[in-house]
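*Asks:* Structure supplied as entry21.csv; contents: CSV, C-alpha atoms.
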```
chain,number,residue,atom,x,y,z
P,1,MET,CA,0.0,0.0,0.0
P,2,ASN,CA,2.8,2.4,0.9
P,3,ARG,CA,4.6,1.5,-2.3
P,4,LEU,CA,1.5,2.4,-4.3
P,5,GLN,CA,1.2,5.7,-2.5
P,6,ASN,CA,4.8,6.5,-3.1
P,7,LEU,CA,4.5,5.6,-6.8
P,8,TRP,CA,1.4,7.7,-7.2
P,9,SER,CA,3.1,10.7,-5.5
P,10,ARG,CA,6.1,10.3,-7.8
P,11,LEU,CA,3.9,10.2,-10.9
P,12,ARG,CA,2.1,13.3,-9.8
P,13,ARG,CA,5.4,15.2,-9.3
P,14,ILE,CA,6.6,14.0,-12.7
P,15,THR,CA,3.3,15.1,-14.3
P,16,LYS,CA,3.6,18.6,-12.7
P,17,ILE,CA,7.2,19.0,-13.9
P,18,ASN,CA,6.2,18.0,-17.4
P,19,LEU,CA,3.4,20.4,-17.4
P,20,VAL,CA,5.6,23.2,-16.3
P,21,LEU,CA,8.3,22.4,-18.9
P,22,GLY,CA,5.7,22.0,-21.6
P,23,THR,CA,4.2,25.3,-20.8
P,24,ILE,CA,7.6,27.0,-20.9
P,25,LEU,CA,8.5,25.4,-24.2
P,26,ALA,CA,5.1,26.4,-25.7
P,27,LEU,CA,5.6,30.0,-24.6
P,28,VAL,CA,9.1,30.0,-26.1
P,29,PHE,CA,8.0,28.6,-29.4
P,30,GLY,CA,5.0,30.9,-29.5
P,31,TYR,CA,7.3,33.9,-28.8
P,32,ILE,CA,9.7,32.9,-31.6
P,33,ALA,CA,6.8,32.3,-34.0
P,34,MET,CA,5.3,35.7,-33.2
P,35,ALA,CA,8.7,37.5,-33.7
P,36,THR,CA,9.2,35.6,-37.0
P,37,TYR,CA,5.7,36.5,-38.1
P,38,PHE,CA,6.2,40.2,-37.6
P,39,GLY,CA,9.6,40.1,-39.3
P,40,THR,CA,8.1,38.3,-42.3
P,41,ALA,CA,5.0,40.6,-42.3
P,42,SER,CA,7.2,43.6,-42.6
P,43,GLN,CA,8.9,42.2,-45.8
P,44,VAL,CA,5.6,41.1,-47.4
P,45,ARG,CA,3.8,44.4,-46.7
P,46,TYR,CA,6.7,46.4,-48.1
P,47,THR,CA,6.8,44.3,-51.2
P,48,SER,CA,3.0,45.0,-51.7
P,49,ASN,CA,3.7,48.8,-51.3
P,50,ASP,CA,1.9,48.8,-47.9
P,51,PHE,CA,4.7,51.0,-46.4
P,52,PRO,CA,2.7,52.1,-43.2
P,53,GLY,CA,1.8,48.4,-42.6
P,54,ALA,CA,5.5,47.4,-43.0
P,55,LYS,CA,6.5,50.1,-40.5
P,56,LYS,CA,3.9,48.8,-38.0
P,57,ALA,CA,5.1,45.2,-38.4
P,58,ALA,CA,8.7,46.2,-37.9
P,59,THR,CA,7.8,48.2,-34.8
P,60,ALA,CA,6.0,45.1,-33.4
P,61,PHE,CA,9.1,43.0,-34.2
P,62,LEU,CA,11.3,45.4,-32.1
P,63,ARG,CA,8.9,45.2,-29.2
P,64,VAL,CA,8.9,41.4,-29.0
P,65,SER,CA,12.3,40.4,-30.2
P,66,PRO,CA,15.5,40.8,-28.2
P,67,PHE,CA,17.5,39.2,-31.0
P,68,GLN,CA,18.5,40.5,-34.4
P,69,ARG,CA,17.2,43.9,-33.6
P,70,HIS,CA,19.1,45.4,-36.5
P,71,ILE,CA,16.5,43.7,-38.8
P,72,GLY,CA,13.7,45.6,-37.1
P,73,TYR,CA,15.4,49.0,-37.3
P,74,PHE,CA,16.4,48.3,-40.9
P,75,ASN,CA,12.9,47.3,-42.0
P,76,ARG,CA,11.3,50.2,-40.2
P,77,GLY,CA,13.8,52.7,-41.6
P,78,THR,CA,13.4,51.4,-45.1
P,79,ALA,CA,9.6,51.7,-44.9
P,80,GLU,CA,9.9,55.3,-43.6
P,81,ALA,CA,12.3,56.2,-46.4
P,82,ALA,CA,9.9,54.8,-48.9
P,83,VAL,CA,7.2,57.3,-47.9
P,84,GLY,CA,9.6,60.3,-47.7
P,85,ASP,CA,10.0,60.4,-43.9
P,86,PHE,CA,13.8,60.7,-44.2
P,87,ASP,CA,14.6,62.1,-40.7
P,88,ALA,CA,12.9,59.2,-39.0
P,89,ALA,CA,14.5,56.8,-41.5
P,90,GLN,CA,17.9,58.2,-40.8
P,91,THR,CA,17.5,57.6,-37.1
P,92,ASP,CA,16.4,54.0,-37.5
P,93,LEU,CA,19.0,53.1,-40.2
P,94,GLU,CA,21.8,54.6,-38.1
P,95,SER,CA,20.6,52.5,-35.2
P,96,ALA,CA,20.6,49.4,-37.4
P,97,LEU,CA,24.1,50.2,-38.7
P,98,GLU,CA,25.5,50.4,-35.1
P,99,ILE,CA,24.4,46.8,-34.2
P,100,ALA,CA,24.3,45.1,-37.6
P,101,PRO,CA,26.8,42.2,-38.2
P,102,THR,CA,29.4,42.6,-40.9
P,103,SER,CA,27.5,40.4,-43.3
P,104,ALA,CA,24.4,42.7,-43.2
P,105,GLU,CA,26.2,46.0,-43.0
P,106,CYS,CA,26.3,46.7,-46.7
P,107,ALA,CA,22.5,46.5,-47.1
P,108,VAL,CA,22.1,49.0,-44.3
P,109,ARG,CA,24.7,51.3,-45.7
P,110,ILE,CA,23.1,51.3,-49.2
P,111,ASN,CA,19.7,52.4,-47.8
P,112,LEU,CA,21.3,54.9,-45.3
P,113,SER,CA,23.3,56.4,-48.2
P,114,TYR,CA,20.0,56.7,-50.1
P,115,VAL,CA,18.4,58.7,-47.2
P,116,TYR,CA,21.4,61.1,-47.1
P,117,GLU,CA,21.1,61.6,-50.8
P,118,LYS,CA,17.4,62.4,-50.7
P,119,GLN,CA,17.9,64.8,-47.8
P,120,ALA,CA,20.6,66.6,-49.9
P,121,ASP,CA,18.2,66.7,-52.9
P,122,GLN,CA,15.5,68.4,-50.8
P,123,ILE,CA,17.7,71.3,-49.6
P,124,ALA,CA,19.9,71.7,-52.6
P,125,SER,CA,18.3,75.0,-53.8
P,126,GLN,CA,17.9,76.5,-50.3
P,127,ASP,CA,21.2,75.5,-48.6
P,128,PRO,CA,23.9,74.4,-51.1
P,129,ASP,CA,26.6,74.0,-48.5
P,130,GLN,CA,24.5,71.7,-46.3
P,131,SER,CA,23.5,69.8,-49.4
P,132,GLN,CA,27.1,69.2,-50.4
P,133,GLU,CA,27.8,67.9,-46.8
P,134,LEU,CA,25.0,65.4,-47.1
P,135,TYR,CA,26.2,64.2,-50.5
P,136,ASP,CA,29.7,63.8,-49.0
P,137,ARG,CA,28.1,61.8,-46.1
P,138,SER,CA,26.2,59.6,-48.5
P,139,LEU,CA,29.4,58.8,-50.4
P,140,LYS,CA,31.4,58.2,-47.2
P,141,THR,CA,28.7,55.8,-46.0
P,142,LEU,CA,29.2,53.7,-49.1
P,143,GLU,CA,33.0,53.9,-49.1
P,144,ASP,CA,33.3,52.8,-45.5
P,145,ALA,CA,31.5,49.5,-46.2
P,146,PRO,CA,33.6,46.4,-45.3
P,147,GLU,CA,34.8,44.2,-48.1
P,148,GLU,CA,33.3,41.1,-46.3
P,149,CYS,CA,29.7,42.2,-47.3
P,150,GLN,CA,30.4,43.3,-50.8
P,151,PRO,CA,32.6,40.7,-52.6
P,152,LYS,CA,33.6,41.4,-56.2
P,153,LYS,CA,30.8,41.0,-58.8
P,154,SER,CA,28.2,40.7,-56.0
P,155,GLU,CA,24.8,42.4,-56.2
P,156,GLU,CA,25.8,44.6,-53.2
P,157,LYS,CA,29.0,45.7,-54.9
P,158,GLN,CA,27.0,46.6,-58.1
P,159,LYS,CA,24.4,48.6,-56.2
P,160,SER,CA,27.0,50.4,-54.2
P,161,SER,CA,28.9,51.4,-57.3
P,162,GLN,CA,25.7,52.6,-59.0
P,163,ALA,CA,24.8,54.7,-55.9
P,164,LYS,CA,28.3,56.2,-55.7
P,165,GLU,CA,28.2,57.2,-59.4
P,166,ARG,CA,24.8,58.7,-59.1
P,167,VAL,CA,25.5,60.7,-55.9
P,168,GLU,CA,28.9,62.0,-57.4
P,169,ASP,CA,27.0,63.2,-60.5
P,170,LYS,CA,24.5,65.0,-58.3
P,171,LYS,CA,27.2,66.5,-56.2
P,172,GLN,CA,29.2,67.8,-59.1
P,173,GLY,CA,26.0,69.1,-60.9
P,174,GLU,CA,24.9,71.1,-57.8
P,175,LYS,CA,28.5,72.4,-57.4
P,176,ALA,CA,28.6,73.5,-61.0
P,177,LYS,CA,25.3,75.2,-60.7
P,178,GLU,CA,26.5,77.1,-57.7
P,179,GLU,CA,29.7,78.2,-59.4
P,180,GLY,CA,27.7,79.3,-62.5
P,181,THR,CA,25.4,81.4,-60.3
P,182,ASP,CA,28.5,83.1,-58.7
P,183,ASP,CA,30.0,83.7,-62.2
P,184,SER,CA,26.8,85.3,-63.4
P,185,GLU,CA,26.7,87.6,-60.4
P,186,SER,CA,30.3,88.6,-61.0
P,187,ASP,CA,29.7,89.3,-64.7
P,188,ASP,CA,26.7,91.5,-63.8
P,189,GLU,CA,28.8,93.5,-61.4
P,190,ASP,CA,31.5,94.0,-63.9
P,191,SER,CA,28.9,95.0,-66.5
P,192,GLN,CA,27.4,97.6,-64.1
P,193,ASP,CA,30.9,99.0,-63.4
P,194,GLN,CA,31.7,99.3,-67.1
P,195,ASP,CA,28.3,101.0,-67.8
P,196,SER,CA,29.1,103.5,-65.0
P,197,ASP,CA,32.5,104.3,-66.6
P,198,ASP,CA,30.9,104.7,-70.0
P,199,ASP,CA,28.3,107.2,-68.7
P,200,THR,CA,31.1,109.6,-67.6
P,201,SER,CA,32.9,109.6,-71.0
P,202,SER,CA,32.0,111.8,-74.0
P,203,GLY,CA,29.4,110.8,-76.5
P,204,ASP,CA,31.7,109.7,-79.3
P,205,GLU,CA,33.9,107.8,-76.9
P,206,GLY,CA,30.8,106.2,-75.3
P,207,GLN,CA,29.7,105.0,-78.8
P,208,ASP,CA,33.1,103.5,-79.5
P,209,SER,CA,33.2,101.9,-76.1
P,210,ASP,CA,29.7,100.4,-76.6
P,211,GLU,CA,30.8,98.9,-79.9
P,212,GLU,CA,33.9,97.4,-78.2
P,213,LYS,CA,31.8,96.0,-75.4
P,214,THR,CA,29.5,94.1,-77.6
P,215,PRO,CA,30.2,90.4,-76.8
P,216,ASP,CA,31.2,88.0,-79.5
P,217,ASP,CA,28.7,85.2,-79.4
P,218,SER,CA,30.6,83.3,-82.2
P,219,SER,CA,33.0,81.8,-79.7
P,220,GLY,CA,30.2,79.8,-78.1
P,221,LYS,CA,30.0,78.6,-74.4
P,222,SER,CA,33.0,78.6,-72.1
P,223,GLU,CA,34.5,75.3,-71.0
P,224,ARG,CA,33.0,75.8,-67.5
P,225,GLU,CA,29.5,76.3,-69.0
P,226,LYS,CA,29.9,73.2,-71.1
P,227,LYS,CA,31.0,71.1,-68.2
P,228,ARG,CA,28.1,72.4,-66.1
P,229,ASP,CA,25.6,71.6,-68.8
P,230,GLU,CA,27.0,68.1,-69.2
P,231,LEU,CA,26.8,67.4,-65.4
P,232,GLU,CA,23.2,68.8,-65.3
P,233,LYS,CA,22.2,66.6,-68.2
P,234,ARG,CA,23.7,63.5,-66.5
P,235,ARG,CA,21.9,64.3,-63.3
P,236,GLU,CA,18.6,64.7,-65.2
P,237,ASP,CA,19.1,61.4,-67.0
P,238,SER,CA,19.8,59.7,-63.7
P,239,GLU,CA,16.6,61.0,-62.2
P,240,ARG,CA,14.6,60.1,-65.3
P,241,GLN,CA,15.8,56.5,-65.1
P,242,GLN,CA,14.9,56.3,-61.5
P,243,ARG,CA,11.3,57.4,-62.2
P,244,GLN,CA,11.0,55.0,-65.1
P,245,GLN,CA,12.3,52.0,-63.1
P,246,GLY,CA,10.1,52.7,-60.1
P,247,PRO,CA,10.2,50.7,-56.8
P,248,GLY,CA,10.6,47.3,-58.6
P,249,GLY,CA,13.2,48.4,-61.1
P,250,ASP,CA,16.6,46.9,-61.4
P,251,GLY,CA,18.7,49.2,-59.2
P,252,GLY,CA,16.0,51.9,-59.3
P,253,ARG,CA,16.2,54.4,-56.4
P,254,SER,CA,12.8,56.0,-56.3
P,255,THR,CA,12.5,53.9,-53.1
P,256,PRO,CA,15.2,52.3,-51.0
P,257,GLU,CA,16.1,48.6,-51.3
P,258,LYS,CA,13.5,46.3,-49.9
P,259,PRO,CA,14.0,45.0,-46.3
P,260,TRP,CA,15.0,41.6,-45.1
```
Take the structure from the file and write it as structure tokens.
*Replies:*
Amino acid sequence: MNRLQNLWSRLRRITKINLVLGTILALVFGYIAMATYFGTASQVRYTSNDFPGAKKAATAFLRVSPFQRHIGYFNRGTAEAAVGDFDAAQTDLESALEIAPTSAECAVRINLSYVYEKQADQIASQDPDQSQELYDRSLKTLEDAPEECQPKKSEEKQKSSQAKERVEDKKQGEKAKEEGTDDSESDDEDSQDQDSDDDTSSGDEGQDSDEEKTPDDSSGKSEREKKRDELEKRREDSERQQRQQGPGGDGGRSTPEKPW
């Protein structure tokens, strides 16, 4: 009788332990499944152009997952960049870059470079100096990428090279525009000074001076103007290709690269 009671007590203890362990395992698996769901949902919603939904899913992933948090920051920043919220995207992508493993660093850098580029585009006409700084930051973000995540002839290497070329063209185009504006202002001042000198001279001398001042258009544009026009044309061609390619284009940059 005592042996039966002991056996029964032992079975009850084992059953309780198994229930506790089973509950813990179920919670762990449920937790992992939920985190995986939100991570996948962020990708699916982004692919279907549901950028607000992708952002919400990435935010939920950050709330529930203590692991691979760079994925949550990257996905959320990418979704924010896709809708033009570049300041928020910058914050999230910079956070992703700080904790991303080397193998994932290039993907983060490509999209962060895109954000800096778009911020520079927005203020190019209002603040050329700040715009140039952002273009430089965009280029440096790509140049600092480790070789481990962009082996030769890889897709990441190709995208990085395309982004560098595009940003460099924009940078040089804006710089040429700014120099052209400065040259025009300088020419206007020289012309005004010359007109003032002519007004103080005699009538006959003034007529001779006017004839000498008449510009010779036969020489065409200066080398600086030709270079500026060429850079501007390249920048316009690059932007036109982006609009034609759209979000799903091969290397198109109307939106950032899709998240993980």
*Asks:* Could you give me, as a ChimeraX atom specification, the residues within 9 Å of Gly72 (chain P), counting all atoms listed in the file and dropping anything in the same chain fewer than 6 positions from it?
*Replies:* /P:39,42,57-62,65,92,96
*Asks:* When you draw a straight line from CA of Ala100 (chain P) to CA of Glu80 (chain P), how long is it in Å?
*Replies:* 18.6 Å
*Asks:* Quick check, in Å to one decimal: how far apart do CA of Arg76 (chain P) and CA of Tyr114 (chain P) lie?
*Replies:* 14.7 Å
*Asks:* Suppose you want the space between CA of Phe86 (chain P) and CA of Tyr116 (chain P); what is it in Å?
*Replies:*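 For CA of Phe86 (chain P) relative to CA of Tyr116 (chain P), the distance reads 8.1 Å.
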*Asks:* Using all atoms listed in the file, which residue out of P:Ser138, P:Gln119, P:Gln162, P:Ser103 lies closest to Gln150 (chain P)?
*Replies:*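 Smallest distance to Gln150 (chain P) is found for P:Ser103.
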*Asks:* P:Asp129, P:Arg137, P:Lys118, P:Ala145: which is nearest Ala104 (chain P), counting only C-alpha atoms?
*Replies:*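 Closest to Ala104 (chain P) of all the choices is P:Ala145.
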*Asks:* Please list as a list in words every residue within 9 Å of Phe74 (chain P), counting all atoms listed in the file and excluding residues in the same chain fewer than 2 positions away.
*Replies:*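 Returned residues: Ala58, Arg69, His70, Ile71, Gly72, Arg76, Gly77, Thr78, Ala79, Ala89, Asp92, Leu93, Glu94, Ser95, Ala96, Leu97, Ala107, Val108, Asn111, Pro259 and Trp260 of chain P.
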*Asks:* Between P:Glu105, P:Asp85, P:Asp127, P:Glu168, which has the minimum distance to Glu148 (chain P) (counting all atoms listed in the file)?
*Replies:*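 Once distances to Glu148 (chain P) are computed over all atoms listed in the file, the minimum belongs to P:Glu105.
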*Asks:* Which residue gives the smallest distance to Asp169 (chain P) among P:Asn6, P:Thr23, P:Gln43, P:Gln132, with only C-alpha atoms counted?
*Replies:*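 The answer is P:Gln132, which sits nearest to Asp169 (chain P).
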*Asks:* Quick one: residues within 12 Å of Lys164 (chain P), all atoms listed in the file counted, chain neighbours fewer than 6 positions away excluded, as a PDB file with C-alpha atoms, keeping the file's coordinate frame?
*Replies:*
```pdb
ATOM      1  CA  ARG P 109      24.700  51.300 -45.700  1.00  0.00           C
ATOM      2  CA  ILE P 110      23.100  51.300 -49.200  1.00  0.00           C
ATOM      3  CA  SER P 113      23.300  56.400 -48.200  1.00  0.00           C
ATOM      4  CA  TYR P 114      20.000  56.700 -50.100  1.00  0.00           C
ATOM      5  CA  GLU P 117      21.100  61.600 -50.800  1.00  0.00           C
ATOM      6  CA  TYR P 135      26.200  64.200 -50.500  1.00  0.00           C
ATOM      7  CA  ASP P 136      29.700  63.800 -49.000  1.00  0.00           C
ATOM      8  CA  ARG P 137      28.100  61.800 -46.100  1.00  0.00           C
ATOM      9  CA  SER P 138      26.200  59.600 -48.500  1.00  0.00           C
ATOM     10  CA  LEU P 139      29.400  58.800 -50.400  1.00  0.00           C
ATOM     11  CA  LYS P 140      31.400  58.200 -47.200  1.00  0.00           C
ATOM     12  CA  THR P 141      28.700  55.800 -46.000  1.00  0.00           C
ATOM     13  CA  LEU P 142      29.200  53.700 -49.100  1.00  0.00           C
ATOM     14  CA  GLU P 143      33.000  53.900 -49.100  1.00  0.00           C
ATOM     15  CA  ASP P 144      33.300  52.800 -45.500  1.00  0.00           C
ATOM     16  CA  LYS P 157      29.000  45.700 -54.900  1.00  0.00           C
ATOM     17  CA  GLN P 158      27.000  46.600 -58.100  1.00  0.00           C
ATOM     18  CA  LYS P 170      24.500  65.000 -58.300  1.00  0.00           C
ATOM     19  CA  LYS P 171      27.200  66.500 -56.200  1.00  0.00           C
TER      20      LYS P 171
END
```
*Asks:* Which is closer to Pro52 (chain P) than all the others in P:Lys159, P:Ile17, P:Phe67, P:Asn75, using only C-alpha atoms?
*Replies:*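 Smallest distance to Pro52 (chain P) is found for P:Asn75.
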*Asks:* Would you mind putting back N, CA, C and O atoms on region 146-158 of chain P, then writing it out as a short mmCIF file (atom, residue, chain, number, x, y, z; two decimals), in the coordinates of the input?
*Replies:*
```cif
data_model
loop_
_atom_site.label_atom_id
_atom_site.label_comp_id
_atom_site.auth_asym_id
_atom_site.auth_seq_id
_atom_site.Cartn_x
_atom_site.Cartn_y
_atom_site.Cartn_z
N PRO P 146 32.57 47.46 -45.36
CA PRO P 146 33.60 46.40 -45.30
C PRO P 146 33.56 45.53 -46.55
O PRO P 146 32.50 45.30 -47.12
N GLU P 147 34.71 45.03 -46.95
CA GLU P 147 34.80 44.20 -48.10
C GLU P 147 34.04 42.84 -47.90
O GLU P 147 33.61 42.19 -48.85
N GLU P 148 33.92 42.42 -46.63
CA GLU P 148 33.30 41.10 -46.30
C GLU P 148 31.84 41.07 -46.82
O GLU P 148 31.33 39.99 -47.13
N CYS P 149 31.15 42.21 -46.87
CA CYS P 149 29.70 42.20 -47.30
C CYS P 149 29.51 42.63 -48.70
O CYS P 149 28.38 42.73 -49.15
N GLN P 150 30.60 42.91 -49.44
CA GLN P 150 30.40 43.30 -50.80
C GLN P 150 31.57 42.69 -51.68
O GLN P 150 32.41 43.41 -52.21
N PRO P 151 31.59 41.37 -51.78
CA PRO P 151 32.60 40.70 -52.60
C PRO P 151 32.49 41.17 -54.08
O PRO P 151 31.45 41.66 -54.51
N LYS P 152 33.57 41.01 -54.83
CA LYS P 152 33.60 41.40 -56.20
C LYS P 152 32.48 40.75 -57.02
O LYS P 152 32.20 39.57 -56.83
N LYS P 153 31.86 41.50 -57.92
CA LYS P 153 30.80 41.00 -58.80
C LYS P 153 29.53 40.62 -58.07
O LYS P 153 28.65 39.97 -58.65
N SER P 154 29.42 41.00 -56.80
CA SER P 154 28.20 40.70 -56.00
C SER P 154 27.15 41.77 -56.32
O SER P 154 27.44 42.86 -56.83
N GLU P 155 25.89 41.45 -55.95
CA GLU P 155 24.80 42.40 -56.20
C GLU P 155 25.03 43.65 -55.30
O GLU P 155 24.77 44.78 -55.74
N GLU P 156 25.51 43.45 -54.06
CA GLU P 156 25.80 44.60 -53.20
C GLU P 156 26.84 45.50 -53.76
O GLU P 156 26.74 46.72 -53.67
N LYS P 157 27.89 44.91 -54.34
CA LYS P 157 29.00 45.70 -54.90
C LYS P 157 28.43 46.52 -56.11
O LYS P 157 28.77 47.70 -56.27
N GLN P 158 27.59 45.91 -56.93
CA GLN P 158 27.00 46.60 -58.10
C GLN P 158 26.12 47.75 -57.64
O GLN P 158 26.22 48.88 -58.17
#
```
